[in-house]
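Structure first, then comments.
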Amino acid sequence: MKMADSQDIEKGSSGSLYQPFFHKDEKQQNSHDNGNLFMVILCTFVAVMGSFEFGSSIGYSSPTQQGIMEELGMSSEEYSMFGSILTIGAMAGSISCGRAADLIGRKGTMKMSSIISIAGWLIIYLSLGPLSLDVGRFLTGYGIGVNSYVVPVFIAEITPTHLRGALLTVHQVAIATGLLVAYTVGAFVSWRTLALTGMIPCAVMVLGLYFIPDSPRWLAMVGCQAEFNAALQKLRGDTADVSREEAEIEDSLVTLQHLPKATVLDLFLKRNLRLVIIGVGLMVFQQFSGYNGVVFYANQIFTSAGVPPNVGSILYACLQIIVLSLGAVIIDKAGRRPLLMISASGMLLGSLLTGASFCLKEHELASDMGPMFTIIGIMIYMGSYCLGLGGIPWIVMSEIFPLHIKGIAGSLVTLVSWGGSWVVSFTFSFLMDWNSYGTFLMFAIFCVVAIVFIWKLVPETKGRTLEEIQASME
């Protein structure tokens, strides 16, 4: 089969940007890929240990609050600082993650983040006061800020096209699993013991990285030709014909090698600006649709609506795992755009139902229906988020940026995500005090704008190699 060159792709001969792209010999390609899926799955497993650590770090502060405050004599303000400084650390990690991934590689960056996280957990375990707790929490935050970028990028760069969406969704499943494990284990062990368990996924990642190859695309970008060939062959199988994939990656790098070293200002060039708008825009809607505020204050929301918080939390934890697993199964069939549209629409419905429940309660109308509306609204909202806006923005981010700007653009997108998370979680309680149903109406408005944004700007990337996606968007 004759490969379309970059000019053909740019002119649209490969198909619309909003439609999936399939090779005529896709079945042949997939059969080669299936020959050595073990290595791809092993690489993904090792990488998502960073995602599991992500969830463990976020979930740590909830079950340990009483134990830490009693043993160390901390005030609620001091503990609030301990909980929130994780996000500050993650923002710091997001600033450096892209450059680190370009300089020392995807594997080197994951190893660095794991070692920093281990140091953070060890400091928390040995802490005798608020200051050391905050230092440890900041370091674990830094680690997960780095992992939130490098893990999906690594998985996207090693995975066969037909499995990329599914394996990238495992990143979100691992985060949810780490969160659930932290809540569950934290109910039975002390806060110091729980800190020790936080080191386990980091240790597994550090050990596992010795047995997997680095990203072939990164190796090609830095000129390690022999390592590039060996890594790609190892990922696709000893008997697989990787010549076409090698040529495609190398051809895409020919143009990039003639470009000057990318800077932040390059993100605002005409050829890159649309990509940045898509990446940043998805993260803005991911965060300002209110999810992190809802999660961080879920117990407060359920209590305010008259619902036992433990009932809501258990339902949510189960729903999250189920929906994320469903998403992993269907994303490479349904596509990114449809799931994002369904997700934003579901969050719109959930926001309106939840807002209605608070409105009914405040005006003392149909008081027996308020709790039911809250449960249904929050479950629809959280389930819809997990199906699309929770994980797919990270998938799209890992797919659309060319290698030469991926580090800088990825850092910006990750910083926007963590910055938005901090803003929403910091302001959510104030917004709820101001007007509870007005808060959810505001989130509903963001969901409406998100639907329009996705429909107008976000491309469909399923069924395309990374090089085809990036060439078609120039």
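So you can find residues: chains in the structure tokens are A, B, ... in the order shown, residues in each start at 1, and ligands are numbered from 1 in order.
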Checklist entry - Can you list, as an NGL selection string, every protein, DNA or RNA residue that comes within 8 Å of Leu180 (chain A) when you count only C-alpha atoms, leaving out same-chain residues fewer than 2 positions away? => result :A and (55-56 or 59 or 176-178 or 182-184 or 317)
Next on the checklist: as a ChimeraX atom specification, please: the residues near Ala156 (chain A) (cut-off 7 Å, only C-alpha atoms, same-chain neighbours under 6 positions excluded).
Outcome noted: /A:164,168,398-399
Contacts of region 139-147 of chain A at 9 Å or less, counting only C-alpha atoms, minus same-chain residues fewer than 5 places along, as a PDB file with all heavy atoms, in the first residue's frame?
ATOM      1  N   ALA A  47       3.971   1.711  33.995  1.00  0.00           N
ATOM      2  CA  ALA A  47       3.695   3.147  33.930  1.00  0.00           C
ATOM      3  C   ALA A  47       2.536   3.542  34.848  1.00  0.00           C
ATOM      4  O   ALA A  47       2.596   4.566  35.535  1.00  0.00           O
ATOM      5  CB  ALA A  47       3.399   3.570  32.494  1.00  0.00           C
ATOM      6  N   VAL A  48       1.463   2.745  34.862  1.00  0.00           N
ATOM      7  CA  VAL A  48       0.289   3.126  35.654  1.00  0.00           C
ATOM      8  C   VAL A  48       0.495   2.901  37.149  1.00  0.00           C
ATOM      9  O   VAL A  48      -0.387   3.243  37.945  1.00  0.00           O
ATOM     10  CB  VAL A  48      -1.000   2.419  35.175  1.00  0.00           C
ATOM     11  CG1 VAL A  48      -1.319   2.791  33.742  1.00  0.00           C
ATOM     12  CG2 VAL A  48      -0.936   0.920  35.377  1.00  0.00           C
ATOM     13  N   GLY A  50       2.520   4.748  38.485  1.00  0.00           N
ATOM     14  CA  GLY A  50       2.528   6.176  38.779  1.00  0.00           C
ATOM     15  C   GLY A  50       1.114   6.724  38.919  1.00  0.00           C
ATOM     16  O   GLY A  50       0.857   7.618  39.734  1.00  0.00           O
ATOM     17  N   SER A  51       0.178   6.181  38.140  1.00  0.00           N
ATOM     18  CA  SER A  51      -1.225   6.594  38.239  1.00  0.00           C
ATOM     19  C   SER A  51      -1.836   6.107  39.549  1.00  0.00           C
ATOM     20  O   SER A  51      -2.599   6.833  40.208  1.00  0.00           O
ATOM     21  CB  SER A  51      -2.011   6.038  37.052  1.00  0.00           C
ATOM     22  OG  SER A  51      -1.343   6.267  35.837  1.00  0.00           O
ATOM     23  N   GLU A  53      -0.200   5.577  42.274  1.00  0.00           N
ATOM     24  CA  GLU A  53       0.395   6.459  43.276  1.00  0.00           C
ATOM     25  C   GLU A  53      -0.342   7.809  43.314  1.00  0.00           C
ATOM     26  O   GLU A  53      -0.550   8.396  44.391  1.00  0.00           O
ATOM     27  CB  GLU A  53       1.868   6.661  42.939  1.00  0.00           C
ATOM     28  CG  GLU A  53       2.544   7.838  43.603  1.00  0.00           C
ATOM     29  CD  GLU A  53       2.666   7.684  45.105  1.00  0.00           C
ATOM     30  OE1 GLU A  53       2.383   6.598  45.629  1.00  0.00           O
ATOM     31  OE2 GLU A  53       3.041   8.671  45.759  1.00  0.00           O
ATOM     32  N   PHE A  54      -0.735   8.289  42.145  1.00  0.00           N
ATOM     33  CA  PHE A  54      -1.529   9.510  42.011  1.00  0.00           C
ATOM     34  C   PHE A  54      -2.777   9.405  42.892  1.00  0.00           C
ATOM     35  O   PHE A  54      -3.063  10.268  43.736  1.00  0.00           O
ATOM     36  CB  PHE A  54      -1.898   9.644  40.531  1.00  0.00           C
ATOM     37  CG  PHE A  54      -2.564  10.926  40.119  1.00  0.00           C
ATOM     38  CD1 PHE A  54      -2.361  11.424  38.836  1.00  0.00           C
ATOM     39  CD2 PHE A  54      -3.424  11.616  40.953  1.00  0.00           C
ATOM     40  CE1 PHE A  54      -2.984  12.592  38.407  1.00  0.00           C
ATOM     41  CE2 PHE A  54      -4.061  12.784  40.535  1.00  0.00           C
ATOM     42  CZ  PHE A  54      -3.844  13.260  39.273  1.00  0.00           C
ATOM     43  N   GLY A  55      -3.549   8.330  42.693  1.00  0.00           N
ATOM     44  CA  GLY A  55      -4.768   8.129  43.466  1.00  0.00           C
ATOM     45  C   GLY A  55      -4.501   7.955  44.955  1.00  0.00           C
ATOM     46  O   GLY A  55      -5.242   8.485  45.798  1.00  0.00           O
ATOM     47  N   SER A  57      -2.057   9.197  46.700  1.00  0.00           N
ATOM     48  CA  SER A  57      -1.677  10.489  47.283  1.00  0.00           C
ATOM     49  C   SER A  57      -2.892  11.374  47.522  1.00  0.00           C
ATOM     50  O   SER A  57      -3.015  12.017  48.569  1.00  0.00           O
ATOM     51  CB  SER A  57      -0.680  11.206  46.363  1.00  0.00           C
ATOM     52  OG  SER A  57       0.506  10.462  46.212  1.00  0.00           O
ATOM     53  N   ILE A  58      -3.797  11.393  46.547  1.00  0.00           N
ATOM     54  CA  ILE A  58      -5.009  12.206  46.697  1.00  0.00           C
ATOM     55  C   ILE A  58      -5.874  11.678  47.841  1.00  0.00           C
ATOM     56  O   ILE A  58      -6.423  12.438  48.638  1.00  0.00           O
ATOM     57  CB  ILE A  58      -5.803  12.231  45.379  1.00  0.00           C
ATOM     58  CG1 ILE A  58      -5.021  12.991  44.308  1.00  0.00           C
ATOM     59  CG2 ILE A  58      -7.176  12.864  45.573  1.00  0.00           C
ATOM     60  CD1 ILE A  58      -5.653  12.947  42.942  1.00  0.00           C
ATOM     61  N   ILE A  85      -1.575  21.419  50.109  1.00  0.00           N
ATOM     62  CA  ILE A  85      -0.228  21.640  49.574  1.00  0.00           C
ATOM     63  C   ILE A  85       0.147  20.585  48.540  1.00  0.00           C
ATOM     64  O   ILE A  85       1.068  20.775  47.742  1.00  0.00           O
ATOM     65  CB  ILE A  85       0.819  21.691  50.723  1.00  0.00           C
ATOM     66  CG1 ILE A  85       2.064  22.466  50.253  1.00  0.00           C
ATOM     67  CG2 ILE A  85       1.181  20.290  51.204  1.00  0.00           C
ATOM     68  CD1 ILE A  85       3.022  22.789  51.376  1.00  0.00           C
ATOM     69  N   LEU A  86      -0.595  19.483  48.521  1.00  0.00           N
ATOM     70  CA  LEU A  86      -0.385  18.473  47.483  1.00  0.00           C
ATOM     71  C   LEU A  86      -0.570  19.096  46.099  1.00  0.00           C
ATOM     72  O   LEU A  86       0.222  18.844  45.183  1.00  0.00           O
ATOM     73  CB  LEU A  86      -1.378  17.322  47.663  1.00  0.00           C
ATOM     74  CG  LEU A  86      -1.276  16.195  46.630  1.00  0.00           C
ATOM     75  CD1 LEU A  86      -0.179  15.213  47.040  1.00  0.00           C
ATOM     76  CD2 LEU A  86      -2.604  15.449  46.515  1.00  0.00           C
ATOM     77  N   THR A  87      -1.608  19.921  45.962  1.00  0.00           N
ATOM     78  CA  THR A  87      -1.882  20.558  44.674  1.00  0.00           C
ATOM     79  C   THR A  87      -0.784  21.547  44.301  1.00  0.00           C
ATOM     80  O   THR A  87      -0.412  21.656  43.124  1.00  0.00           O
ATOM     81  CB  THR A  87      -3.243  21.275  44.719  1.00  0.00           C
ATOM     82  OG1 THR A  87      -4.240  20.349  45.152  1.00  0.00           O
ATOM     83  CG2 THR A  87      -3.618  21.809  43.358  1.00  0.00           C
ATOM     84  N   ILE A  88      -0.247  22.271  45.298  1.00  0.00           N
ATOM     85  CA  ILE A  88       0.860  23.202  45.020  1.00  0.00           C
ATOM     86  C   ILE A  88       2.071  22.434  44.506  1.00  0.00           C
ATOM     87  O   ILE A  88       2.732  22.842  43.540  1.00  0.00           O
ATOM     88  CB  ILE A  88       1.224  23.997  46.293  1.00  0.00           C
ATOM     89  CG1 ILE A  88      -0.001  24.708  46.879  1.00  0.00           C
ATOM     90  CG2 ILE A  88       2.333  24.996  45.991  1.00  0.00           C
ATOM     91  CD1 ILE A  88      -0.653  25.697  45.951  1.00  0.00           C
ATOM     92  N   GLY A  89       2.370  21.306  45.144  1.00  0.00           N
ATOM     93  CA  GLY A  89       3.467  20.467  44.671  1.00  0.00           C
ATOM     94  C   GLY A  89       3.235  19.952  43.265  1.00  0.00           C
ATOM     95  O   GLY A  89       4.156  19.915  42.439  1.00  0.00           O
ATOM     96  N   ALA A  90       1.989  19.562  42.970  1.00  0.00           N
ATOM     97  CA  ALA A  90       1.666  19.067  41.633  1.00  0.00           C
ATOM     98  C   ALA A  90       1.836  20.161  40.584  1.00  0.00           C
ATOM     99  O   ALA A  90       2.283  19.900  39.460  1.00  0.00           O
ATOM    100  CB  ALA A  90       0.240  18.524  41.616  1.00  0.00           C
ATOM    101  N   MET A  91       1.482  21.394  40.935  1.00  0.00           N
ATOM    102  CA  MET A  91       1.684  22.507  40.000  1.00  0.00           C
ATOM    103  C   MET A  91       3.171  22.712  39.732  1.00  0.00           C
ATOM    104  O   MET A  91       3.576  22.964  38.587  1.00  0.00           O
ATOM    105  CB  MET A  91       1.058  23.778  40.575  1.00  0.00           C
ATOM    106  CG  MET A  91      -0.464  23.742  40.617  1.00  0.00           C
ATOM    107  SD  MET A  91      -1.206  25.118  41.541  1.00  0.00           S
ATOM    108  CE  MET A  91      -0.755  26.506  40.480  1.00  0.00           C
ATOM    109  N   ALA A  92       4.001  22.593  40.772  1.00  0.00           N
ATOM    110  CA  ALA A  92       5.451  22.700  40.577  1.00  0.00           C
ATOM    111  C   ALA A  92       5.953  21.572  39.681  1.00  0.00           C
ATOM    112  O   ALA A  92       6.790  21.785  38.786  1.00  0.00           O
ATOM    113  CB  ALA A  92       6.159  22.673  41.928  1.00  0.00           C
ATOM    114  N   GLY A  93       5.429  20.365  39.895  1.00  0.00           N
ATOM    115  CA  GLY A  93       5.825  19.232  39.062  1.00  0.00           C
ATOM    116  C   GLY A  93       5.415  19.417  37.617  1.00  0.00           C
ATOM    117  O   GLY A  93       6.150  19.050  36.693  1.00  0.00           O
ATOM    118  N   SER A  94       4.255  20.021  37.407  1.00  0.00           N
ATOM    119  CA  SER A  94       3.774  20.212  36.034  1.00  0.00           C
ATOM    120  C   SER A  94       4.629  21.201  35.254  1.00  0.00           C
ATOM    121  O   SER A  94       4.743  21.101  34.029  1.00  0.00           O
ATOM    122  CB  SER A  94       2.319  20.687  36.059  1.00  0.00           C
ATOM    123  OG  SER A  94       2.203  21.993  36.598  1.00  0.00           O
ATOM    124  N   ILE A  95       5.247  22.137  35.944  1.00  0.00           N
ATOM    125  CA  ILE A  95       6.094  23.121  35.273  1.00  0.00           C
ATOM    126  C   ILE A  95       7.345  22.466  34.694  1.00  0.00           C
ATOM    127  O   ILE A  95       7.812  22.819  33.605  1.00  0.00           O
ATOM    128  CB  ILE A  95       6.478  24.254  36.248  1.00  0.00           C
ATOM    129  CG1 ILE A  95       5.229  25.069  36.628  1.00  0.00           C
ATOM    130  CG2 ILE A  95       7.544  25.161  35.653  1.00  0.00           C
ATOM    131  CD1 ILE A  95       5.467  26.066  37.741  1.00  0.00           C
ATOM    132  N   SER A  96       7.881  21.491  35.416  1.00  0.00           N
ATOM    133  CA  SER A  96       9.150  20.876  35.003  1.00  0.00           C
ATOM    134  C   SER A  96       8.988  19.559  34.261  1.00  0.00           C
ATOM    135  O   SER A  96       9.960  19.060  33.674  1.00  0.00           O
ATOM    136  CB  SER A  96      10.034  20.642  36.240  1.00  0.00           C
ATOM    137  OG  SER A  96       9.371  19.786  37.160  1.00  0.00           O
ATOM    138  N   CYS A  97       7.779  18.980  34.236  1.00  0.00           N
ATOM    139  CA  CYS A  97       7.632  17.615  33.723  1.00  0.00           C
ATOM    140  C   CYS A  97       7.951  17.510  32.235  1.00  0.00           C
ATOM    141  O   CYS A  97       8.603  16.547  31.799  1.00  0.00           O
ATOM    142  CB  CYS A  97       6.223  17.096  34.005  1.00  0.00           C
ATOM    143  SG  CYS A  97       4.890  18.040  33.199  1.00  0.00           S
ATOM    144  N   GLY A  98       7.508  18.479  31.434  1.00  0.00           N
ATOM    145  CA  GLY A  98       7.734  18.392  30.003  1.00  0.00           C
ATOM    146  C   GLY A  98       9.198  18.463  29.630  1.00  0.00           C
ATOM    147  O   GLY A  98       9.693  17.662  28.824  1.00  0.00           O
ATOM    148  N   ALA A 100      11.743  17.821  31.584  1.00  0.00           N
ATOM    149  CA  ALA A 100      12.428  16.634  32.102  1.00  0.00           C
ATOM    150  C   ALA A 100      12.210  15.443  31.168  1.00  0.00           C
ATOM    151  O   ALA A 100      13.151  14.691  30.865  1.00  0.00           O
ATOM    152  CB  ALA A 100      11.921  16.302  33.504  1.00  0.00           C
ATOM    153  N   THR A 109      12.170  10.139  33.580  1.00  0.00           N
ATOM    154  CA  THR A 109      11.283  11.055  34.294  1.00  0.00           C
ATOM    155  C   THR A 109      10.382  10.298  35.265  1.00  0.00           C
ATOM    156  O   THR A 109      10.138  10.753  36.387  1.00  0.00           O
ATOM    157  CB  THR A 109      10.436  11.856  33.290  1.00  0.00           C
ATOM    158  OG1 THR A 109      11.315  12.523  32.381  1.00  0.00           O
ATOM    159  CG2 THR A 109       9.584  12.892  34.005  1.00  0.00           C
ATOM    160  N   MET A 110       9.872   9.141  34.840  1.00  0.00           N
ATOM    161  CA  MET A 110       9.042   8.338  35.749  1.00  0.00           C
ATOM    162  C   MET A 110       9.858   7.844  36.943  1.00  0.00           C
ATOM    163  O   MET A 110       9.365   7.816  38.079  1.00  0.00           O
ATOM    164  CB  MET A 110       8.416   7.165  34.996  1.00  0.00           C
ATOM    165  CG  MET A 110       7.296   7.582  34.054  1.00  0.00           C
ATOM    166  SD  MET A 110       6.363   6.202  33.341  1.00  0.00           S
ATOM    167  CE  MET A 110       7.537   5.599  32.125  1.00  0.00           C
ATOM    168  N   MET A 112      12.489   9.373  38.222  1.00  0.00           N
ATOM    169  CA  MET A 112      12.722  10.550  39.054  1.00  0.00           C
ATOM    170  C   MET A 112      11.497  10.849  39.922  1.00  0.00           C
ATOM    171  O   MET A 112      11.611  11.093  41.137  1.00  0.00           O
ATOM    172  CB  MET A 112      13.029  11.755  38.168  1.00  0.00           C
ATOM    173  CG  MET A 112      13.183  13.068  38.922  1.00  0.00           C
ATOM    174  SD  MET A 112      13.166  14.522  37.829  1.00  0.00           S
ATOM    175  CE  MET A 112      11.421  14.610  37.411  1.00  0.00           C
ATOM    176  N   SER A 113      10.307  10.817  39.327  1.00  0.00           N
ATOM    177  CA  SER A 113       9.097  11.134  40.086  1.00  0.00           C
ATOM    178  C   SER A 113       8.843  10.110  41.178  1.00  0.00           C
ATOM    179  O   SER A 113       8.388  10.458  42.279  1.00  0.00           O
ATOM    180  CB  SER A 113       7.885  11.207  39.152  1.00  0.00           C
ATOM    181  OG  SER A 113       7.536   9.933  38.652  1.00  0.00           O
ATOM    182  N   SER A 114       9.152   8.840  40.897  1.00  0.00           N
ATOM    183  CA  SER A 114       8.950   7.796  41.902  1.00  0.00           C
ATOM    184  C   SER A 114       9.892   7.980  43.087  1.00  0.00           C
ATOM    185  O   SER A 114       9.494   7.815  44.255  1.00  0.00           O
ATOM    186  CB  SER A 114       9.161   6.412  41.284  1.00  0.00           C
ATOM    187  OG  SER A 114       8.155   6.132  40.334  1.00  0.00           O
ATOM    188  N   ILE A 115      11.141   8.313  42.819  1.00  0.00           N
ATOM    189  CA  ILE A 115      12.116   8.509  43.897  1.00  0.00           C
ATOM    190  C   ILE A 115      11.721   9.711  44.755  1.00  0.00           C
ATOM    191  O   ILE A 115      11.806   9.668  45.995  1.00  0.00           O
ATOM    192  CB  ILE A 115      13.533   8.676  43.309  1.00  0.00           C
ATOM    193  CG1 ILE A 115      13.993   7.350  42.679  1.00  0.00           C
ATOM    194  CG2 ILE A 115      14.510   9.134  44.386  1.00  0.00           C
ATOM    195  CD1 ILE A 115      15.288   7.463  41.900  1.00  0.00           C
ATOM    196  N   ILE A 116      11.274  10.783  44.111  1.00  0.00           N
ATOM    197  CA  ILE A 116      10.827  11.960  44.863  1.00  0.00           C
ATOM    198  C   ILE A 116       9.608  11.620  45.716  1.00  0.00           C
ATOM    199  O   ILE A 116       9.499  12.037  46.876  1.00  0.00           O
ATOM    200  CB  ILE A 116      10.518  13.120  43.896  1.00  0.00           C
ATOM    201  CG1 ILE A 116      11.816  13.634  43.278  1.00  0.00           C
ATOM    202  CG2 ILE A 116       9.793  14.258  44.611  1.00  0.00           C
ATOM    203  CD1 ILE A 116      11.624  14.663  42.177  1.00  0.00           C
ATOM    204  N   SER A 117       8.684  10.840  45.172  1.00  0.00           N
ATOM    205  CA  SER A 117       7.494  10.449  45.931  1.00  0.00           C
ATOM    206  C   SER A 117       7.855   9.562  47.117  1.00  0.00           C
ATOM    207  O   SER A 117       7.284   9.708  48.207  1.00  0.00           O
ATOM    208  CB  SER A 117       6.498   9.721  45.017  1.00  0.00           C
ATOM    209  OG  SER A 117       5.962  10.592  44.045  1.00  0.00           O
ATOM    210  N   ILE A 118       8.797   8.642  46.913  1.00  0.00           N
ATOM    211  CA  ILE A 118       9.242   7.789  48.026  1.00  0.00           C
ATOM    212  C   ILE A 118       9.816   8.646  49.142  1.00  0.00           C
ATOM    213  O   ILE A 118       9.533   8.432  50.330  1.00  0.00           O
ATOM    214  CB  ILE A 118      10.273   6.756  47.525  1.00  0.00           C
ATOM    215  CG1 ILE A 118       9.586   5.684  46.670  1.00  0.00           C
ATOM    216  CG2 ILE A 118      10.998   6.096  48.709  1.00  0.00           C
ATOM    217  CD1 ILE A 118      10.550   4.726  46.000  1.00  0.00           C
ATOM    218  N   ALA A 119      10.635   9.637  48.759  1.00  0.00           N
ATOM    219  CA  ALA A 119      11.199  10.549  49.766  1.00  0.00           C
ATOM    220  C   ALA A 119      10.080  11.282  50.508  1.00  0.00           C
ATOM    221  O   ALA A 119      10.128  11.450  51.736  1.00  0.00           O
ATOM    222  CB  ALA A 119      12.140  11.548  49.092  1.00  0.00           C
ATOM    223  N   GLY A 120       9.056  11.709  49.781  1.00  0.00           N
ATOM    224  CA  GLY A 120       7.934  12.400  50.406  1.00  0.00           C
ATOM    225  C   GLY A 120       7.191  11.519  51.394  1.00  0.00           C
ATOM    226  O   GLY A 120       6.879  11.948  52.520  1.00  0.00           O
ATOM    227  N   TRP A 121       6.902  10.284  50.995  1.00  0.00           N
ATOM    228  CA  TRP A 121       6.200   9.364  51.893  1.00  0.00           C
ATOM    229  C   TRP A 121       7.037   9.059  53.130  1.00  0.00           C
ATOM    230  O   TRP A 121       6.496   8.945  54.245  1.00  0.00           O
ATOM    231  CB  TRP A 121       5.864   8.067  51.173  1.00  0.00           C
ATOM    232  CG  TRP A 121       4.734   8.145  50.212  1.00  0.00           C
ATOM    233  CD1 TRP A 121       4.761   7.898  48.865  1.00  0.00           C
ATOM    234  CD2 TRP A 121       3.372   8.487  50.513  1.00  0.00           C
ATOM    235  NE1 TRP A 121       3.524   8.071  48.309  1.00  0.00           N
ATOM    236  CE2 TRP A 121       2.644   8.427  49.301  1.00  0.00           C
ATOM    237  CE3 TRP A 121       2.710   8.836  51.679  1.00  0.00           C
ATOM    238  CZ2 TRP A 121       1.278   8.704  49.231  1.00  0.00           C
ATOM    239  CZ3 TRP A 121       1.347   9.110  51.616  1.00  0.00           C
ATOM    240  CH2 TRP A 121       0.653   9.050  50.410  1.00  0.00           C
ATOM    241  N   ASP A 134       4.147  18.843  55.791  1.00  0.00           N
ATOM    242  CA  ASP A 134       3.924  19.658  54.593  1.00  0.00           C
ATOM    243  C   ASP A 134       5.014  19.433  53.553  1.00  0.00           C
ATOM    244  O   ASP A 134       4.728  19.386  52.342  1.00  0.00           O
ATOM    245  CB  ASP A 134       3.858  21.143  54.971  1.00  0.00           C
ATOM    246  CG  ASP A 134       2.599  21.494  55.742  1.00  0.00           C
ATOM    247  OD1 ASP A 134       1.657  20.680  55.750  1.00  0.00           O
ATOM    248  OD2 ASP A 134       2.561  22.584  56.355  1.00  0.00           O
ATOM    249  N   PRO A 152       0.626   9.255  30.660  1.00  0.00           N
ATOM    250  CA  PRO A 152      -0.145   9.127  29.409  1.00  0.00           C
ATOM    251  C   PRO A 152       0.683   9.344  28.151  1.00  0.00           C
ATOM    252  O   PRO A 152       0.425   8.709  27.123  1.00  0.00           O
ATOM    253  CB  PRO A 152      -1.249  10.189  29.553  1.00  0.00           C
ATOM    254  CG  PRO A 152      -0.805  11.114  30.625  1.00  0.00           C
ATOM    255  CD  PRO A 152       0.055  10.299  31.541  1.00  0.00           C
ATOM    256  N   SER A 411       3.587  20.610  29.563  1.00  0.00           N
ATOM    257  CA  SER A 411       3.747  21.282  30.856  1.00  0.00           C
ATOM    258  C   SER A 411       2.678  22.342  31.057  1.00  0.00           C
ATOM    259  O   SER A 411       2.095  22.461  32.144  1.00  0.00           O
ATOM    260  CB  SER A 411       5.133  21.929  30.950  1.00  0.00           C
ATOM    261  OG  SER A 411       6.141  20.955  31.107  1.00  0.00           O
ATOM    262  N   THR A 414      -0.721  20.617  31.667  1.00  0.00           N
ATOM    263  CA  THR A 414      -0.748  20.011  32.999  1.00  0.00           C
ATOM    264  C   THR A 414      -0.855  21.072  34.082  1.00  0.00           C
ATOM    265  O   THR A 414      -1.578  20.901  35.079  1.00  0.00           O
ATOM    266  CB  THR A 414       0.516  19.155  33.212  1.00  0.00           C
ATOM    267  OG1 THR A 414       0.663  18.227  32.134  1.00  0.00           O
ATOM    268  CG2 THR A 414       0.435  18.376  34.518  1.00  0.00           C
ATOM    269  N   LEU A 415      -0.140  22.192  33.901  1.00  0.00           N
ATOM    270  CA  LEU A 415      -0.219  23.289  34.868  1.00  0.00           C
ATOM    271  C   LEU A 415      -1.633  23.869  34.921  1.00  0.00           C
ATOM    272  O   LEU A 415      -2.150  24.154  36.010  1.00  0.00           O
ATOM    273  CB  LEU A 415       0.784  24.381  34.492  1.00  0.00           C
ATOM    274  CG  LEU A 415       0.812  25.625  35.397  1.00  0.00           C
ATOM    275  CD1 LEU A 415       1.185  25.247  36.823  1.00  0.00           C
ATOM    276  CD2 LEU A 415       1.781  26.669  34.844  1.00  0.00           C
ATOM    277  N   TRP A 418      -3.844  21.394  36.957  1.00  0.00           N
ATOM    278  CA  TRP A 418      -3.635  21.433  38.409  1.00  0.00           C
ATOM    279  C   TRP A 418      -3.994  22.797  38.985  1.00  0.00           C
ATOM    280  O   TRP A 418      -4.516  22.894  40.096  1.00  0.00           O
ATOM    281  CB  TRP A 418      -2.190  21.070  38.745  1.00  0.00           C
ATOM    282  CG  TRP A 418      -1.957  19.594  38.693  1.00  0.00           C
ATOM    283  CD1 TRP A 418      -1.274  18.900  37.731  1.00  0.00           C
ATOM    284  CD2 TRP A 418      -2.423  18.622  39.617  1.00  0.00           C
ATOM    285  NE1 TRP A 418      -1.279  17.555  38.008  1.00  0.00           N
ATOM    286  CE2 TRP A 418      -1.969  17.359  39.167  1.00  0.00           C
ATOM    287  CE3 TRP A 418      -3.167  18.678  40.790  1.00  0.00           C
ATOM    288  CZ2 TRP A 418      -2.255  16.176  39.853  1.00  0.00           C
ATOM    289  CZ3 TRP A 418      -3.449  17.499  41.471  1.00  0.00           C
ATOM    290  CH2 TRP A 418      -2.999  16.268  41.004  1.00  0.00           C
TER     291      TRP A 418
END
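Residues with any atom within 10 Å of Leu131 (chain A), counting only C-alpha atoms and excluding same-chain neighbours fewer than 6 positions away, are Glu78, Phe82, Ile124 and Arg137 of chain A.
With CA of Gly108 (chain A) on one side and CA of Leu42 (chain A) on the other, the separation reads 17.0 Å.
Of the residues under consideration (A:Leu282, A:Leu37, A:Ile175, A:Ala471), A:Ala471 shows the shortest atom-to-atom contact distance to Leu253 (chain A) when counting only C-alpha atoms.
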Item to check | Who sits within 12 Å of Phe188 (chain A), only C-alpha atoms, same chain under 5 positions skipped, as a list in words | outcome: Pro63, Thr64, Gly67, Val181, Ala182, Tyr183, Thr193 and Leu194 of chain A
Next on the checklist: Env of Pro402 (chain A): 10 Å cut, atoms = only C-alpha atoms, seq-sep filter 2 positions within chain, self excluded. Answer as number ranges by chain.
Outcome noted: A: 252-253, 256, 272, 275, 398-400, 404-407, 409, 466-467, 469-471, 473-474
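The closest residue to Tyr291 (chain A), picked from A:Glu248, A:Phe428, A:Glu71, A:Gln66 and counting only C-alpha atoms, is A:Phe428.
The smallest atom-to-atom distance between Ile392 (chain A) and any of A:Thr354, A:Thr161, A:Thr44, A:Ser343, using only C-alpha atoms, is found for A:Ser343.
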Next on the checklist: As an exercise, work out the distance from CA of Leu412 (chain A) to CA of Ala203 (chain A) in Å and give it to one decimal place.
Outcome noted: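 Interatomic distance here is 28.3 Å.
Checking A:Gly391, A:Gly208, A:Gly223, A:Gly350 one by one against Tyr149 (chain A), counting only C-alpha atoms, you find the shortest gap at A:Gly391.
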Checklist entry - What residues in region 139-272 of chain A get the DSSP label helix (DSSP H, G or I)? Please answer as a PyMOL selection string. => result chain A and resi 139-158+161-186+191-211+216-221+225-236+243-257+264-268+270-272
Next on the checklist: List as a list in words the protein and nucleic acid residues near Asn435 (chain A), meaning an atom at most 12 Å away when only C-alpha atoms are counted, but skip any in the same chain fewer than 5 places from it.
Outcome noted: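 The residues satisfying every condition are Gly355, Phe358, Cys359, Glu362, Phe428, Ser429, Phe430, Phe440, Leu441 and Met442 of chain A.
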Contacts between region 329-335 of chain A and region 166-254 of chain A, please, where a residue of region 166-254 of chain A counts if it comes within 12 Å (with only C-alpha atoms); show its shortest atom pair and distance in Å to one decimal, rows by chain and ascending number, as JSON lines.
{"residue": "A:Ala166", "atom": "CA", "partner": "A:Ile331", "partner_atom": "CA", "distance": 6.1}
{"residue": "A:Leu167", "atom": "CA", "partner": "A:Val329", "partner_atom": "CA", "distance": 9.3}
{"residue": "A:Leu168", "atom": "CA", "partner": "A:Ile331", "partner_atom": "CA", "distance": 9.7}
{"residue": "A:Thr169", "atom": "CA", "partner": "A:Ile331", "partner_atom": "CA", "distance": 8.2}
{"residue": "A:Val170", "atom": "CA", "partner": "A:Val329", "partner_atom": "CA", "distance": 9.9}
{"residue": "A:Val173", "atom": "CA", "partner": "A:Val329", "partner_atom": "CA", "distance": 11.7}
